[in-house]
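J.: Next up is a structure, given as structure tokens.
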Amino acid sequence: MLEAGIVLQNVSKIYRSHNGDRCTLEDINLSIRPGEYVGLMGMNGSGKSTLARLCNGLLLPTAGKVYVDGLDTSQAENLPAIRQRVGMVFQNPDNQLICPVVEEEIAFGLENLGLFLPEIRERTAWALEIMGLTGLNYHAPYLLSGGQKQKVALASVLAMKPAYLVLDEPAAMLDPVSRRELLQHLKILNRREGMTIVLCSNEAEDFMDADRLLVIDRGTLCLQGTPPEVLSQGEQLASIGLAQPDFYRLRQQLADAGCPVTAIYNLTDLVDYLCQP
Amino acid sequence: MTGIKLGQYVHGDSLLHRLDPRTKIICCTLIVVAIIINDRWYSLLFFALLMAAAIRASGMDIRFVLGSLRSIRSLLLVTFVFMAVLTPGQAVWTWGVLHVTREGLTMGAVNLLRLIILYLGSMVLLMTTSPMQLSAGIDWLLLPLSRLKLPVHHFSTILSISFRFIPTLIDQAVLIQDAQRSRGAQFASPRLGIRLKSYLAILIPLFEASLLRAEDLGEAMDSRCFTGHPNQLRLDRLHFHAADGYVLISMLGLLAAGILFPVLL
């Protein structure tokens, strides 16, 4: 019996095309434990979307194995069980909403799971409520704002009660307010519902709530640790084209100016520290 | 894009709005059958008047709907002219090798009426039935075909995706049109060639964007275990009332009369 969680063993992914093979992921070893909130940071084209899609069998590794709770993604008969466990939210909210009405959208996955009507109703209502969408049952998705669309997408995945939630740049097309709301929802889902979260993004600011942050560059994992550990390494992040959050830049500059602040990881604490008499 | 409001659901509370979508779809089908098997101009006129009455009853602006016939005027004209010229019979007017015949004129008028009835019928159906109800009705009516092992649920998914994406694609078309216009495309050029070329510059990027969209959508559907399922939540919205029964019986009565009437004459 293999361990619970999402496990990638020596995974490589090579895209073959007429103008040569392109290696997107190279020998990745990674294990995501149940209940963890994992951030995956990388530039566009670094391989994070590919990694996300390997987690629920949308893509299969060229070499190596991916296991979800011990189920091998390369076995086609495992896919329904894997996809029920691993919910995916994608970048463009417009391209992942399938049905003409919000309620049907949320029921889409449930109907596929072969649930009966009372349970479909119950779970639909629950998912709408948890995402703050109650009352929008009969709305057409295209009339909603970008942030609401992305919430519908998230609600429709949550309704399937996945153990793992993989999000591929879910906030890339959202305004700052919706982005914060979405991240807040993820935090609550992780802390309160115990849901495992894998968040892919190229914005360092998105990972403040993560337990562990992985940095991926040209198909390899190059940095790993808690968000403060990783985000403090400004030079290394800059060398692979990623920006440090403002807070960490400020901390760095304070340290350079001979005023190091240690064990402070958010802006409020920093202000308190600097303003103390 | 102008004209898209036409044929789009208008919220209302008329009898026609309240009818079960299945009743409306079946009635429309019955009318199609009735006007195909019947070629007497007076029975067709009767159906056309029936449609006009239905439009009035649904609370829609009848002048708007009739005025919208302009959008299919070239189809109507071509149908009439071809029928008038190509039907053999007693010539009433000759121009070179072309003969306009008495029979042709009658056939032209009959087919003109048929097209108008079809148009008005589909307008009534589309403008009084929300896409949500329409897809539920279609789903239910297709269900028996699943016994023949036909992929009915896939078909209803395709239909529901089209309902979902029509507005999104229109938005995208407008966006591409603006982008192309800012690069010098001339959609209002008096020269047909230039106009056509400009519209081609919308079609190709729109087509490519749709393919990319389809790819994304496929991933989203796969991620949510798509199998092609009966849409229980959707079907549960359907409610057949007494009024539906009356309307259906009357429609069947009319169809029967439409079949019998020409025989009696």
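Chains: A, B, ... in order of the structure tokens. Residues: from 1 per chain. Ligands: from 1, in order shown.
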Write out as an mmCIF file with C-alpha atoms, in the first residue's frame the residues lying within 9 Å of segment 154-168 of chain B, counting only C-alpha atoms and excluding same-chain residues fewer than 6 positions away.

T.:
```
data_model
loop_
_atom_site.group_PDB
_atom_site.id
_atom_site.type_symbol
_atom_site.label_atom_id
_atom_site.label_comp_id
_atom_site.auth_asym_id
_atom_site.auth_seq_id
_atom_site.Cartn_x
_atom_site.Cartn_y
_atom_site.Cartn_z
ATOM 1 C CA ASP A 94 -15.021 31.434 -19.288
ATOM 2 C CA LEU A 97 -18.060 26.669 -17.335
ATOM 3 C CA ILE A 98 -20.018 24.153 -19.338
ATOM 4 C CA CYS A 99 -23.707 24.684 -18.620
ATOM 5 C CA PRO A 100 -26.093 27.533 -19.451
ATOM 6 C CA VAL A 101 -27.199 27.939 -15.809
ATOM 7 C CA ALA A 140 -26.450 32.519 -16.788
ATOM 8 C CA PRO A 141 -22.692 32.245 -16.143
ATOM 9 C CA TYR A 142 -21.837 34.671 -18.930
ATOM 10 C CA PRO B 131 -32.677 28.286 -22.800
ATOM 11 C CA MET B 132 -32.794 26.444 -19.487
ATOM 12 C CA SER B 135 -32.768 22.318 -23.103
ATOM 13 C CA ALA B 136 -34.780 20.493 -20.425
ATOM 14 C CA ILE B 138 -35.283 18.719 -25.633
ATOM 15 C CA ASP B 139 -33.526 16.428 -23.151
ATOM 16 C CA LEU B 142 -34.835 12.776 -26.725
ATOM 17 C CA THR B 227 -19.449 10.465 -18.996
ATOM 18 C CA GLY B 228 -22.618 11.682 -20.699
ATOM 19 C CA HIS B 229 -25.189 11.533 -17.988
ATOM 20 C CA ASN B 231 -29.461 15.541 -16.474
#
```

J.: As an MDAnalysis selection string, which residues of segment 226-272 of chain A does DSSP assign to helix (DSSP H, G or I)?

T.: chainID A and resid 227:231 234:239 246:256 267:272

J.: Do me a favour and pick out the residues of chain A within 8 Å of chain B, using only C-alpha atoms, as a ChimeraX atom specification.

T.: /A:56,58,80,83-84,87-90,94-101,104,107-109,111-114,117,120-121,140-142,157

J.: May I ask which of the residues B:Ser198, B:Arg114, B:Ser146, B:Leu169 is the closest one to Leu44 of chain B, counting only C-alpha atoms?

T.: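 So, comparing all the options, the nearest one is B:Arg114.
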
J.: Using only C-alpha atoms, which of A:Leu214, A:Val166, A:Leu237, A:Ala153 sits nearest Leu54 of chain A?

T.: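 Looking only at the distances to Leu54 of chain A, the closest residue turns out to be A:Val166.
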
J.: How far is it from atom CA of Gly47 of chain A to atom CA of Arg218 of chain A, in Å with one decimal?

T.: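 Separation of atom CA of Gly47 of chain A and atom CA of Arg218 of chain A: 6.6 Å.
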
J.: Which residue is closest to Ile6 of chain A? Choose from A:Ala171, A:Thr196, A:Asn78, A:Glu129 and count only C-alpha atoms.

T.: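 Smallest distance to Ile6 of chain A is found for A:Thr196.
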
J.: I'd like the contact shell of segment 256-260 of chain B - 12 Å cut-off, only C-alpha atoms, skipping same-chain residues fewer than 2 positions apart - returned as an MDAnalysis selection string.

T.: chainID B and resid 30:44 46:47 249:254 262:265

J.: For Ala242 of chain B, please output as a list in words all residues within 12 Å (counting only C-alpha atoms; exclusion window: fewer than 2 positions along the same chain).

T.: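 Near Ala242 of chain B, the qualifying residues are Leu15, Arg18, Leu19, Asp20, Thr23, His239, Phe240, Asp244, Gly245, Tyr246, Val247, Leu248 and Ile249 of chain B.
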
J.: Would you mind reading off the distance between atom CA of Leu120 of chain B and atom CA of Ile170 of chain B, one decimal, in Å?

T.: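 Between atom CA of Leu120 of chain B and atom CA of Ile170 of chain B the gap is 23.8 Å.
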
J.: Taking only C-alpha atoms into account, which of A:Leu213, A:Cys55, A:Ala127, A:Leu182 comes nearest Lys161 of chain A?

T.: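 The answer is A:Ala127, which sits nearest to Lys161 of chain A.
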
J.: Between A:Leu270, A:Ala125, A:Leu79, A:Ala263, which one has atoms that come closest to Leu250 of chain A, using only C-alpha atoms?

T.: A:Leu270

J.: When you look at Leu69 of chain B with a cut-off of 12 Å (counting only C-alpha atoms), what residues show up, excluding the ones that are within fewer than 5 positions of it in the same chain? I need them as an MDAnalysis selection string.

T.: chainID B and resid 3 6:7 62:64 74:77 112:113 115:120 123

J.: If you run DSSP over the backbone, which residues in segment 144-215 of chain A end up strand (DSSP E or B)? Put them as a list in words.

T.: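 Listing strand (DSSP E or B) positions across segment 144-215 of chain A yields Tyr164, Leu165, Val166, Leu167, Asp168, Thr196, Ile197, Val198, Leu199, Cys200, Ser201, Arg212, Leu213, Leu214 and Val215 of chain A.
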
J.: Just want the 10 Å neighbourhood of Thr62 of chain A, counted on only C-alpha atoms, with same-chain residues fewer than 5 positions away dropped. Output as a PDB file with C-alpha atoms, in the first residue's frame.

T.:
```
ATOM      1  CA  VAL A  11       8.386  12.153 -13.233  1.00  0.00           C
ATOM      2  CA  SER A  12       9.455  13.553 -16.600  1.00  0.00           C
ATOM      3  CA  LYS A  13       7.220  14.958 -19.272  1.00  0.00           C
ATOM      4  CA  ILE A  14       8.375  15.427 -22.828  1.00  0.00           C
ATOM      5  CA  TYR A  15       6.187  17.034 -25.484  1.00  0.00           C
ATOM      6  CA  CYS A  23      11.246  18.542 -22.049  1.00  0.00           C
ATOM      7  CA  LEU A  25       9.423  18.433 -16.562  1.00  0.00           C
ATOM      8  CA  GLU A  26      12.604  16.638 -15.633  1.00  0.00           C
TER       9      GLU A  26
END
```

J.: Fewer than 5 positions away in the same chain doesn't count, so skip those; otherwise give me all residues within 12 Å of Gly12 of chain B, counting only C-alpha atoms, as a VMD selection string.

T.: chain B and resid 17 to 19 57 to 60 127 to 130
